[in-house]
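*Asks:* Here you go, coords23.tsv (TSV, C-alpha atoms):
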chain	number	residue	atom	x	y	z
W	580	MET	CA	2.90	3.00	-33.14
W	581	PRO	CA	3.84	5.88	-30.81
W	582	ASP	CA	0.22	6.97	-30.38
W	583	GLN	CA	-1.10	3.45	-29.74
W	584	ILE	CA	-3.28	3.20	-26.62
W	585	LEU	CA	-1.97	0.19	-24.73
W	586	ASP	CA	-4.26	-2.07	-22.73
W	587	ALA	CA	-3.32	-4.80	-20.27
W	588	HIS	CA	-2.65	-7.29	-23.05
W	589	THR	CA	-0.62	-5.10	-25.42
W	590	SER	CA	1.41	-3.64	-22.52
W	591	ASP	CA	2.19	-7.06	-21.01
W	592	PRO	CA	5.90	-6.86	-20.12
W	593	LEU	CA	6.62	-10.25	-21.67
W	594	GLN	CA	5.03	-9.16	-24.93
W	595	MET	CA	6.83	-5.81	-24.80
W	596	GLY	CA	10.12	-7.63	-24.36
W	597	TRP	CA	11.55	-5.45	-21.60
W	598	MET	CA	14.97	-6.65	-20.37
W	599	GLN	CA	14.79	-9.86	-22.40
W	600	GLY	CA	17.83	-11.25	-24.17
W	601	LEU	CA	21.48	-11.79	-23.23
W	602	PRO	CA	22.04	-8.89	-23.43
W	603	PRO	CA	18.71	-7.10	-23.93
W	604	ALA	CA	18.45	-5.04	-27.10
W	605	PRO	CA	19.22	-1.36	-26.48
W	606	ASP	CA	15.58	-0.31	-26.98
W	607	LYS	CA	14.40	-2.94	-24.48
W	608	ARG	CA	16.69	-1.92	-21.62
W	609	LEU	CA	15.18	-0.14	-18.63
W	610	SER	CA	17.00	2.34	-16.43
W	611	TRP	CA	16.48	4.21	-13.17
W	612	THR	CA	18.07	7.28	-14.77
W	613	ARG	CA	15.03	7.63	-17.05
W	614	ALA	CA	12.61	6.73	-14.26
W	615	ASP	CA	11.53	3.69	-16.28
W	616	HIS	CA	10.45	2.05	-13.03
W	617	MET	CA	7.83	4.76	-12.43
W	618	ARG	CA	6.24	5.33	-15.85
W	619	PHE	CA	3.86	3.34	-18.01
W	620	PRO	CA	4.32	0.92	-19.74
W	621	THR	CA	7.84	0.12	-18.51
W	622	HIS	CA	6.69	0.10	-14.90
W	623	ARG	CA	4.72	-3.08	-15.71
W	624	HIS	CA	8.09	-4.88	-15.74
W	625	ALA	CA	9.74	-2.82	-13.01
W	626	PHE	CA	7.12	-3.21	-10.28
W	627	SER	CA	8.14	-6.86	-9.99
W	628	ARG	CA	11.84	-6.02	-10.13
W	629	MET	CA	12.24	-2.91	-7.94
W	630	ARG	CA	15.39	-4.06	-6.19
W	631	GLU	CA	17.07	-4.01	-9.62
W	632	PHE	CA	16.39	-0.27	-9.80
W	633	LEU	CA	16.74	0.96	-6.20
W	634	PRO	CA	18.55	0.02	-2.99
W	635	THR	CA	16.59	-2.11	-0.54
W	636	ALA	CA	16.77	-3.54	2.95
W	637	ARG	CA	15.59	-7.04	3.74
W	638	VAL	CA	12.57	-7.76	5.97
W	639	GLY	CA	13.43	-11.22	7.20
W	640	ARG	CA	10.94	-14.02	7.69
W	641	GLY	CA	11.07	-16.58	10.48
W	642	ALA	CA	11.47	-20.35	10.41
W	643	ALA	CA	7.78	-21.30	10.51
W	644	VAL	CA	5.38	-20.53	7.65
W	645	TRP	CA	1.63	-19.99	8.06
W	646	ARG	CA	0.20	-22.42	5.53
W	647	PHE	CA	-3.15	-21.91	3.80
W	648	PRO	CA	-5.27	-24.75	2.50
W	649	VAL	CA	-6.06	-24.50	-1.21
W	650	ALA	CA	-9.40	-25.39	-2.81
W	651	LEU	CA	-9.62	-23.48	-6.08
W	652	ARG	CA	-13.10	-22.66	-7.39
W	653	ASP	CA	-14.15	-22.24	-11.00
W	654	ASP	CA	-17.29	-20.15	-10.42
W	655	LEU	CA	-15.73	-16.79	-9.56
W	656	ASP	CA	-14.72	-15.67	-13.04
W	657	ALA	CA	-18.38	-15.47	-14.06
W	658	VAL	CA	-19.49	-13.20	-11.17
W	659	ARG	CA	-21.01	-10.06	-12.70
W	660	PHE	CA	-21.14	-6.45	-11.51
W	661	THR	CA	-21.72	-2.92	-12.80
W	662	THR	CA	-18.90	-0.37	-12.88
W	663	LEU	CA	-19.29	2.82	-10.85
W	664	ASP	CA	-18.38	5.31	-13.58
W	665	ASP	CA	-19.72	4.32	-16.99
W	666	ARG	CA	-22.18	1.68	-15.75
W	667	ARG	CA	-20.69	-1.14	-17.82
W	668	GLU	CA	-21.47	-4.72	-16.89
W	669	LEU	CA	-18.32	-6.79	-16.44
W	670	THR	CA	-17.40	-10.19	-15.09
W	671	TRP	CA	-14.82	-10.81	-12.41
W	672	ALA	CA	-12.52	-12.28	-15.09
W	673	GLN	CA	-12.89	-9.13	-17.22
W	674	SER	CA	-12.09	-6.92	-14.24
W	675	LEU	CA	-8.55	-8.26	-13.99
W	676	PRO	CA	-7.18	-6.88	-17.29
W	677	ALA	CA	-9.40	-3.80	-16.90
W	678	ASN	CA	-7.37	-2.95	-13.79
W	679	PHE	CA	-3.99	-4.06	-15.22
W	680	THR	CA	-3.77	-6.77	-12.58
W	681	ASP	CA	-0.35	-8.38	-12.11
W	682	ALA	CA	-1.42	-10.94	-9.50
W	683	ILE	CA	-4.45	-11.64	-7.33
W	684	VAL	CA	-5.36	-14.18	-4.66
W	685	VAL	CA	-8.70	-14.68	-2.89
W	686	LEU	CA	-9.15	-16.30	0.51
W	687	HIS	CA	-12.52	-17.44	1.84
W	688	ARG	CA	-12.66	-18.62	5.44
W	689	GLY	CA	-8.88	-18.96	5.37
W	690	THR	CA	-8.72	-21.12	2.24
W	691	VAL	CA	-7.23	-19.99	-1.06
W	692	ILE	CA	-10.07	-20.29	-3.56
W	693	TYR	CA	-8.66	-18.28	-6.48
W	694	GLU	CA	-5.31	-17.01	-7.78
W	695	ARG	CA	-4.05	-15.60	-11.05
W	696	TYR	CA	-0.66	-14.24	-12.23
W	697	PHE	CA	0.11	-12.11	-15.28
W	698	GLY	CA	3.14	-10.68	-17.05
W	699	THR	CA	6.35	-11.31	-15.14
W	700	THR	CA	4.72	-11.62	-11.71
W	701	ARG	CA	4.50	-15.07	-10.15
W	702	ARG	CA	3.65	-16.40	-6.72
W	703	ASP	CA	7.29	-16.13	-5.59
W	704	THR	CA	7.85	-12.67	-7.13
W	705	PRO	CA	8.23	-9.69	-4.79
W	706	HIS	CA	6.17	-6.78	-6.11
W	707	ILE	CA	6.05	-3.22	-4.85
W	708	ALA	CA	3.02	-2.68	-2.63
W	709	PHE	CA	3.28	1.12	-2.59
W	710	SER	CA	0.90	2.59	-0.01
W	711	VAL	CA	-0.29	-0.78	1.25
W	712	THR	CA	2.97	-0.34	3.18
W	713	LYS	CA	1.26	2.40	5.18
W	714	SER	CA	-1.16	-0.08	6.74
W	715	PHE	CA	1.71	-2.19	8.07
W	716	VAL	CA	3.27	0.92	9.62
W	717	GLY	CA	-0.05	2.09	11.08
W	718	THR	CA	-0.59	-1.32	12.65
W	719	LEU	CA	2.88	-1.23	14.21
W	720	ALA	CA	2.11	2.18	15.71
W	721	GLU	CA	-1.22	0.91	17.09
W	722	MET	CA	0.65	-2.01	18.68
W	723	LEU	CA	2.97	0.42	20.47
W	724	ILE	CA	-0.02	2.52	21.60
W	725	HIS	CA	-1.72	-0.60	22.99
W	726	GLU	CA	1.46	-1.48	24.88
W	727	GLY	CA	1.55	1.98	26.47
W	728	ARG	CA	4.78	2.92	24.75
W	729	LEU	CA	3.21	5.66	22.63
W	730	ASP	CA	0.57	8.21	23.60
W	731	PRO	CA	-1.79	8.93	20.70
W	732	GLN	CA	-2.34	12.47	22.02
W	733	ALA	CA	1.37	13.28	22.26
W	734	PRO	CA	2.54	16.21	20.09
W	735	ILE	CA	4.93	15.19	17.35
W	736	ALA	CA	7.52	17.69	18.61
W	737	ASP	CA	7.71	15.68	21.84
W	738	LEU	CA	8.24	12.43	19.97
W	739	LEU	CA	10.61	13.80	17.33
W	740	PRO	CA	12.35	16.98	18.47
W	741	GLU	CA	13.86	17.22	14.99
W	742	LEU	CA	10.39	18.30	13.78
W	743	SER	CA	9.80	20.98	16.43
W	744	ALA	CA	10.10	23.79	13.86
W	745	SER	CA	8.06	22.02	11.18
W	746	GLY	CA	4.36	21.90	10.40
W	747	PHE	CA	4.12	18.62	12.28
W	748	ALA	CA	5.21	20.10	15.61
W	749	ASP	CA	1.80	20.64	17.24
W	750	ALA	CA	0.01	17.78	15.47
W	751	THR	CA	-0.77	14.78	17.65
W	752	LEU	CA	0.28	11.23	16.91
W	753	ARG	CA	-3.39	10.36	16.35
W	754	GLN	CA	-3.72	13.12	13.77
W	755	VAL	CA	-0.66	11.80	11.93
W	756	LEU	CA	-2.03	8.24	12.12
W	757	ASP	CA	-5.42	9.29	10.74
W	758	MET	CA	-4.01	11.88	8.30
W	759	THR	CA	-5.92	14.81	9.73
W	760	THR	CA	-2.83	17.01	9.73
W	761	ALA	CA	-2.80	20.37	7.94
W	762	LEU	CA	0.41	20.62	5.97
W	763	ALA	CA	1.84	22.40	2.94
W	764	PHE	CA	2.29	19.15	1.06
W	765	SER	CA	0.48	18.03	-2.11
W	766	GLU	CA	-0.09	14.38	-3.07
W	767	ASP	CA	-0.51	15.24	-6.77
W	768	TYR	CA	1.35	12.46	-8.57
W	769	THR	CA	1.30	14.31	-11.89
W	770	ASP	CA	3.28	17.31	-10.59
W	771	ALA	CA	7.00	16.67	-10.12
W	772	ARG	CA	7.30	19.95	-8.21
W	773	SER	CA	4.64	19.10	-5.65
W	774	GLY	CA	5.21	17.81	-2.16
W	775	ILE	CA	5.20	14.19	-3.27
W	776	GLY	CA	7.49	15.03	-6.16
W	777	ALA	CA	9.99	16.81	-3.92
W	778	PHE	CA	9.76	13.95	-1.43
W	779	SER	CA	10.50	11.42	-4.20
W	780	MET	CA	13.67	13.29	-5.10
W	781	ALA	CA	14.81	13.43	-1.46
W	782	LEU	CA	14.11	9.72	-1.13
W	783	GLY	CA	15.96	8.97	-4.36
W	784	LEU	CA	12.92	7.23	-5.85
W	785	THR	CA	13.26	9.25	-9.03
W	786	PRO	CA	16.26	11.00	-10.64
W	787	ARG	CA	17.08	14.51	-9.47
W	788	PRO	CA	17.25	17.30	-12.05
W	789	ALA	CA	20.51	19.05	-12.88
W	790	GLY	CA	21.42	21.56	-10.21
W	791	TYR	CA	19.17	19.96	-7.60
W	792	ALA	CA	19.73	21.64	-4.24
W	793	GLY	CA	16.93	20.09	-2.19
W	794	ALA	CA	17.01	17.62	0.66
W	795	GLY	CA	19.24	14.61	0.11
W	796	ASP	CA	17.30	12.18	2.28
W	797	VAL	CA	13.98	11.78	4.10
W	798	TYR	CA	15.33	12.85	7.50
W	799	ALA	CA	16.37	16.16	5.93
W	800	PHE	CA	13.14	16.60	3.97
W	801	LEU	CA	10.51	16.16	6.67
W	802	PRO	CA	11.56	19.20	8.78
W	803	THR	CA	11.03	21.44	5.72
W	804	ILE	CA	7.28	20.75	5.54
W	805	ALA	CA	5.29	23.75	6.81
W	806	LYS	CA	1.88	23.95	8.43
W	807	ALA	CA	-1.12	25.02	6.33
W	808	GLY	CA	-4.28	25.36	8.40
W	809	GLU	CA	-5.59	23.66	11.52
W	810	HIS	CA	-4.77	20.09	12.44
W	811	GLY	CA	-7.73	17.82	13.14
W	812	PRO	CA	-10.91	18.78	11.29
W	813	ALA	CA	-10.22	17.32	7.85
W	814	PHE	CA	-8.69	14.19	6.35
W	815	THR	CA	-6.11	14.83	3.64
W	816	TYR	CA	-4.11	11.93	2.29
W	817	ARG	CA	-0.38	12.71	2.50
W	818	THR	CA	2.49	10.23	2.36
W	819	CYS	CA	4.67	12.46	4.52
W	820	ASN	CA	2.50	11.54	7.53
W	821	THR	CA	3.55	7.92	7.22
W	822	GLU	CA	7.21	8.86	6.94
W	823	VAL	CA	6.91	10.63	10.28
W	824	LEU	CA	5.05	7.65	11.69
W	825	GLY	CA	7.74	5.22	10.53
W	826	TRP	CA	10.40	7.42	12.12
W	827	ILE	CA	8.48	7.42	15.41
W	828	VAL	CA	8.05	3.62	15.38
W	829	ALA	CA	11.76	3.18	14.68
W	830	ARG	CA	12.76	5.72	17.37
W	831	THR	CA	10.50	4.04	19.92
W	832	GLU	CA	11.85	0.56	19.19
W	833	GLY	CA	15.45	1.74	18.84
W	834	LYS	CA	15.94	0.01	15.50
W	835	ARG	CA	15.21	0.59	11.84
W	836	LEU	CA	11.69	0.11	10.55
W	837	ASP	CA	12.63	-2.91	8.44
W	838	ALA	CA	13.86	-4.70	11.56
W	839	VAL	CA	10.76	-3.73	13.56
W	840	LEU	CA	8.48	-5.00	10.80
W	841	SER	CA	10.39	-8.27	10.66
W	842	GLU	CA	10.26	-8.84	14.41
W	843	ARG	CA	6.73	-7.62	15.12
W	844	ILE	CA	4.80	-8.80	12.03
W	845	TRP	CA	6.81	-10.70	9.41
W	846	GLN	CA	8.16	-13.46	11.64
W	847	PRO	CA	5.16	-13.86	14.00
W	848	LEU	CA	2.70	-14.06	11.08
W	849	GLY	CA	4.70	-16.83	9.43
W	850	MET	CA	5.36	-15.01	6.18
W	851	GLU	CA	6.71	-17.35	3.50
W	852	GLN	CA	9.36	-15.06	2.00
W	853	ASP	CA	11.60	-12.19	2.98
W	854	ALA	CA	10.39	-8.84	1.68
W	855	ASP	CA	12.42	-6.02	0.15
W	856	PHE	CA	12.03	-2.50	1.59
W	857	LEU	CA	13.15	0.49	-0.49
W	858	ILE	CA	15.53	2.75	1.45
W	859	ASP	CA	16.79	6.31	1.10
W	860	PRO	CA	20.50	7.29	1.04
W	861	THR	CA	20.69	7.08	4.86
W	862	GLY	CA	19.18	3.60	4.92
W	863	MET	CA	15.79	4.86	6.14
W	864	PRO	CA	13.02	2.60	4.79
W	865	PHE	CA	10.34	4.24	2.64
W	866	ALA	CA	7.52	3.87	5.18
W	867	GLY	CA	4.87	5.38	2.93
W	868	GLY	CA	5.25	2.98	0.03
W	869	GLY	CA	8.47	1.00	-0.19
W	870	LEU	CA	7.54	-2.55	0.83
W	871	ASN	CA	7.98	-5.33	-1.76
W	872	PRO	CA	6.44	-8.60	-0.53
W	873	VAL	CA	5.11	-11.63	-2.37
W	874	LEU	CA	1.36	-11.81	-2.91
W	875	TRP	CA	0.49	-14.52	-0.40
W	876	ASP	CA	2.26	-12.58	2.36
W	877	LEU	CA	-0.07	-9.65	1.70
W	878	ALA	CA	-2.93	-12.12	2.05
W	879	ARG	CA	-1.51	-13.41	5.35
W	880	PHE	CA	-1.60	-9.91	6.80
W	881	GLY	CA	-5.17	-9.42	5.62
W	882	GLU	CA	-6.25	-12.77	7.04
W	883	ALA	CA	-4.62	-11.97	10.39
W	884	MET	CA	-6.58	-8.72	10.52
W	885	ARG	CA	-9.80	-10.53	9.60
W	886	LEU	CA	-9.23	-12.99	12.44
W	887	GLY	CA	-8.67	-10.27	15.03
W	888	GLY	CA	-4.90	-10.79	15.09
W	889	VAL	CA	-5.02	-14.55	15.72
W	890	VAL	CA	-2.64	-16.75	13.72
W	891	ASN	CA	-2.71	-20.52	14.16
W	892	GLY	CA	-4.43	-20.13	17.53
W	893	ALA	CA	-1.95	-17.54	18.85
W	894	GLN	CA	-2.74	-13.86	19.43
W	895	VAL	CA	0.00	-12.34	17.26
W	896	ILE	CA	-1.54	-8.86	16.89
W	897	ALA	CA	-3.39	-7.81	20.04
W	898	GLY	CA	-7.16	-7.86	19.65
W	899	PRO	CA	-7.61	-4.24	20.81
W	900	VAL	CA	-5.18	-3.14	18.08
W	901	VAL	CA	-7.34	-4.71	15.39
W	902	ASP	CA	-10.51	-3.41	17.07
W	903	SER	CA	-9.13	0.13	17.12
W	904	ILE	CA	-8.37	0.01	13.40
W	905	ARG	CA	-11.65	-1.62	12.40
W	906	ALA	CA	-13.64	0.93	14.42
W	907	GLY	CA	-12.76	3.45	11.70
W	908	GLY	CA	-12.07	7.15	11.88
W	909	SER	CA	-14.17	10.29	11.59
W	910	ARG	CA	-16.58	10.13	8.66
W	911	ASP	CA	-17.05	13.88	8.89
W	912	ALA	CA	-13.32	14.48	8.56
W	913	PHE	CA	-13.19	12.07	5.60
W	914	SER	CA	-16.20	13.46	3.76
W	915	SER	CA	-14.53	16.77	2.96
W	916	ALA	CA	-11.79	15.00	0.98
W	917	GLY	CA	-14.17	14.39	-1.92
W	918	TYR	CA	-13.70	10.68	-2.67
W	919	ALA	CA	-16.65	10.15	-5.01
W	920	PHE	CA	-16.37	6.36	-4.97
W	921	LEU	CA	-16.02	6.07	-1.18
W	922	PRO	CA	-19.25	7.56	0.27
W	923	GLY	CA	-19.61	7.20	4.02
W	924	SER	CA	-16.05	5.90	4.38
W	925	SER	CA	-13.35	6.86	6.85
W	926	TYR	CA	-9.64	6.46	7.52
W	927	ARG	CA	-8.06	5.07	10.68
W	928	SER	CA	-4.45	4.29	11.50
W	929	GLN	CA	-3.40	4.13	7.83
W	930	TRP	CA	-6.30	1.83	6.86
W	931	TRP	CA	-9.32	2.70	4.68
W	932	MET	CA	-12.83	1.83	5.86
W	933	MET	CA	-14.93	0.80	2.85
W	934	PRO	CA	-18.48	1.87	1.92
W	935	GLY	CA	-21.41	-0.32	2.95
W	936	ASN	CA	-22.39	-2.18	6.09
W	937	SER	CA	-20.15	-5.25	5.91
W	938	GLY	CA	-17.35	-3.68	7.96
W	939	ALA	CA	-14.96	-4.10	5.03
W	940	PHE	CA	-11.63	-2.32	5.28
W	941	SER	CA	-8.64	-2.07	3.00
W	942	ALA	CA	-4.98	-1.28	2.57
W	943	ARG	CA	-4.59	0.61	-0.72
W	944	GLY	CA	-1.66	1.57	-2.90
W	945	ILE	CA	-1.22	3.46	-6.16
W	946	HIS	CA	-1.46	1.63	-9.48
W	947	GLY	CA	-3.79	-1.00	-7.98
W	948	GLN	CA	-2.09	-2.55	-4.95
W	949	ALA	CA	-4.62	-3.74	-2.37
W	950	ILE	CA	-5.53	-5.84	0.62
W	951	TYR	CA	-9.32	-6.01	0.92
W	952	VAL	CA	-10.89	-7.54	4.03
W	953	ASP	CA	-14.63	-8.17	4.29
W	954	PRO	CA	-15.40	-9.78	7.66
W	955	ALA	CA	-19.08	-10.38	6.86
W	956	ALA	CA	-18.15	-12.43	3.79
W	957	GLU	CA	-15.11	-14.02	5.54
W	958	LEU	CA	-13.17	-12.75	2.54
W	959	VAL	CA	-9.63	-11.49	1.95
W	960	ILE	CA	-8.35	-10.31	-1.43
W	961	ALA	CA	-4.71	-9.42	-2.09
W	962	ARG	CA	-3.80	-7.81	-5.40
W	963	PHE	CA	-0.79	-6.40	-7.21
W	964	GLY	CA	-1.31	-4.14	-10.21
W	965	SER	CA	0.42	-1.83	-12.64
W	966	HIS	CA	-2.42	0.44	-13.75
W	967	PRO	CA	-1.34	3.41	-15.90
W	968	VAL	CA	-3.15	5.80	-13.53
W	969	ALA	CA	-1.41	6.10	-10.18
W	970	ALA	CA	-4.34	7.27	-8.05
W	971	SER	CA	-6.92	4.73	-6.88
W	972	SER	CA	-9.58	6.66	-8.81
W	973	GLY	CA	-8.16	4.93	-11.88
W	974	ASN	CA	-9.24	1.47	-10.74
W	975	ASP	CA	-11.87	2.07	-8.01
W	976	PRO	CA	-14.81	2.22	-10.47
W	977	VAL	CA	-14.06	-1.40	-11.39
W	978	SER	CA	-12.36	-2.74	-8.27
W	979	LEU	CA	-14.86	-1.66	-5.63
W	980	PRO	CA	-17.99	-3.14	-7.23
W	981	ALA	CA	-16.02	-6.25	-8.27
W	982	PHE	CA	-14.88	-6.87	-4.69
W	983	ALA	CA	-18.38	-6.23	-3.35
W	984	ALA	CA	-19.95	-8.57	-5.92
W	985	LEU	CA	-17.49	-11.32	-5.06
W	986	ALA	CA	-18.31	-10.90	-1.37
W	987	GLN	CA	-22.05	-11.24	-2.05
W	988	HIS	CA	-21.43	-14.29	-4.23
W	989	LEU	CA	-19.55	-15.99	-1.42
W	990	ILE	CA	-22.17	-15.06	1.18
W	991	ARG	CA	-24.85	-16.62	-1.00
W	992	GLY	CA	-22.75	-19.75	-1.23
So that I can check it, write out the structure of this file as structure tokens.
*Replies:*
Amino acid sequence: MPDQILDAHTSDPLQMGWMQGLPPAPDKRLSWTRADHMRFPTHRHAFSRMREFLPTARVGRGAAVWRFPVALRDDLDAVRFTTLDDRRELTWAQSLPANFTDAIVVLHRGTVIYERYFGTTRRDTPHIAFSVTKSFVGTLAEMLIHEGRLDPQAPIADLLPELSASGFADATLRQVLDMTTALAFSEDYTDARSGIGAFSMALGLTPRPAGYAGAGDVYAFLPTIAKAGEHGPAFTYRTCNTEVLGWIVARTEGKRLDAVLSERIWQPLGMEQDADFLIDPTGMPFAGGGLNPVLWDLARFGEAMRLGGVVNGAQVIAGPVVDSIRAGGSRDAFSSAGYAFLPGSSYRSQWWMMPGNSGAFSARGIHGQAIYVDPAAELVIARFGSHPVAASSGNDPVSLPAFAALAQHLIRG
């Protein structure tokens, strides 16, 4: 029925029949021209098939793979917690469909203890990570700062003269990293005319309306963003910051961001599969949300960060880089942003510091993508999702207490 409210089970892409059949029936075919890859419920199929909708570049893996031991546990599904919004009591197993989970893996002390896959997503399926991508880019920038190749206090106009007349010009690299810039750019995902909507059209993520006369690529779009206030005092989440950051990383290294990510993180961490990176019409990778890895490779990144950048006994990401990120950002700057489910949190170098005293931190993406690292519990969670609500507020009331409850369960043994 057209007015049926779909849950995780009734919107399962296999049950819906999207793109099944040789050929698929006309009413089961998905198309970029209708933005089927970015709307519910069709996005539940598309998020695991993004390179069929959009052009991508390849982030190549190396020869060696970082292997995890596997010792699956059967006690996690019964872990109980209370949701943050309506105070329901749920189990860990119930939390997965509640958040429209596509795939999830849990590591404890470097061992895989739990994994589940739903719909069309499998262990070897690349899935869009959306803004989890930002944390990879922020880590790359911190690596270049540690090496003395970037100055965190440098004005953006000095690093990218192309932005000297934009709102970014007098912002520092640190302000871009920590999203304390003041810009005329809205991250409202429900408004196609907002900053993120206009950016999506420049990127080519979504179809452009008839008569579109805006920017045709990301390089052309970023200089059009104006200043709106004073840089520094307040955190405001804006994807355009990460696009500038990705441009700076690429300019500094003298190669495209997909190549930098491959050489600096993907190969050294022993990722098991190549990743796909969405690109704009110029070939510029979508730094703010375009990475499509497999699930275990997300977990490898989280585990490397938990271990202070050490992989198989080798210091792959410099310890001070990880320390800088895990130190967190300004809580005062963050508090004004009004995240009701993240009290006392902060944001640093494109990573989110989580509430509580465990030192947990996270990479977060719309529709439920996540890497969650809790050092006190020796825990890493990697998740793909296709929640109908884009913003994290759609799944945080369930996800955050579920992750915290799992951490406490593991600490208790």
*Asks:* Restricting the calculation to all atoms listed in the file, which member of W:Ala893, W:Leu663, W:Leu836, W:Ile827 is positioned closest to Ser972 in chain W?
*Replies:*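 When distances to Ser972 in chain W are compared using all atoms listed in the file, the smallest one comes from W:Leu663.
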*Asks:* Tell me which protein, DNA and RNA residues are within 8 Å of Leu752 in chain W, counting only C-alpha atoms, leaving out same-chain ones fewer than 2 positions away, and put them as a PDB file with C-alpha atoms, keeping the file's coordinate frame.
*Replies:*
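Saved the output as out20.pdb:
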ATOM      1  CA  ASP W 730       0.570   8.210  23.600  1.00  0.00           C
ATOM      2  CA  PRO W 731      -1.790   8.930  20.700  1.00  0.00           C
ATOM      3  CA  GLN W 732      -2.340  12.470  22.020  1.00  0.00           C
ATOM      4  CA  ALA W 733       1.370  13.280  22.260  1.00  0.00           C
ATOM      5  CA  PRO W 734       2.540  16.210  20.090  1.00  0.00           C
ATOM      6  CA  ILE W 735       4.930  15.190  17.350  1.00  0.00           C
ATOM      7  CA  ALA W 750       0.010  17.780  15.470  1.00  0.00           C
ATOM      8  CA  GLN W 754      -3.720  13.120  13.770  1.00  0.00           C
ATOM      9  CA  VAL W 755      -0.660  11.800  11.930  1.00  0.00           C
ATOM     10  CA  LEU W 756      -2.030   8.240  12.120  1.00  0.00           C
ATOM     11  CA  LEU W 824       5.050   7.650  11.690  1.00  0.00           C
TER      12      LEU W 824
END
*Asks:* Determine the nearest neighbour of Glu832 in chain W from the options W:Leu729, W:Ser924, W:Trp611, W:Val889, counting all atoms listed in the file.
*Replies:*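 Answer, going by the shortest atom-to-atom distance: W:Leu729.
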*Asks:* Have a look at CA of Leu669 in chain W and CA of His988 in chain W and let me know their distance in Å, one decimal.
*Replies:*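 For CA of Leu669 in chain W relative to CA of His988 in chain W, the distance reads 14.7 Å.
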*Asks:* How many Å separate CA of Thr662 in chain W from CA of Pro976 in chain W?
*Replies:*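 We find that CA of Thr662 in chain W and CA of Pro976 in chain W lie 5.4 Å from each other.
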*Asks:* Please, what distance in Å, to one decimal, runs between CA of Arg688 in chain W and CA of Met884 in chain W?
*Replies:* 12.7 Å
*Asks:* Of the residues W:Leu601, W:Ile707, W:Ala813, W:Met722, which is the one nearest to Val895 in chain W, using all atoms listed in the file?
*Replies:* W:Met722
*Asks:* Which protein, DNA or RNA residues are at most 6 Å from (-11.1, 14.8, 11.0) in the file's coordinates when you count all atoms listed in the file, listed as a ChimeraX atom specification?
*Replies:* /W:759,811-814,909,912
*Asks:* Which residues, protein or nucleic acid, reach to within 12 Å of (2.5, -10.4, -11.9) in the file's coordinates when using only C-alpha atoms, and can you give that as a ChimeraX atom specification?
*Replies:* /W:587,591-593,622-628,675-676,679-684,694-707,873-874,947-948,962-965
*Asks:* For Gly825 in chain W, find every residue with an atom within 10 Å (counting only C-alpha atoms), except residues of its own chain fewer than 6 positions away, and show them as an MDAnalysis selection string.
*Replies:* chainID W and resid 713 715:717 719:720 819 831 835:837 839 863:867
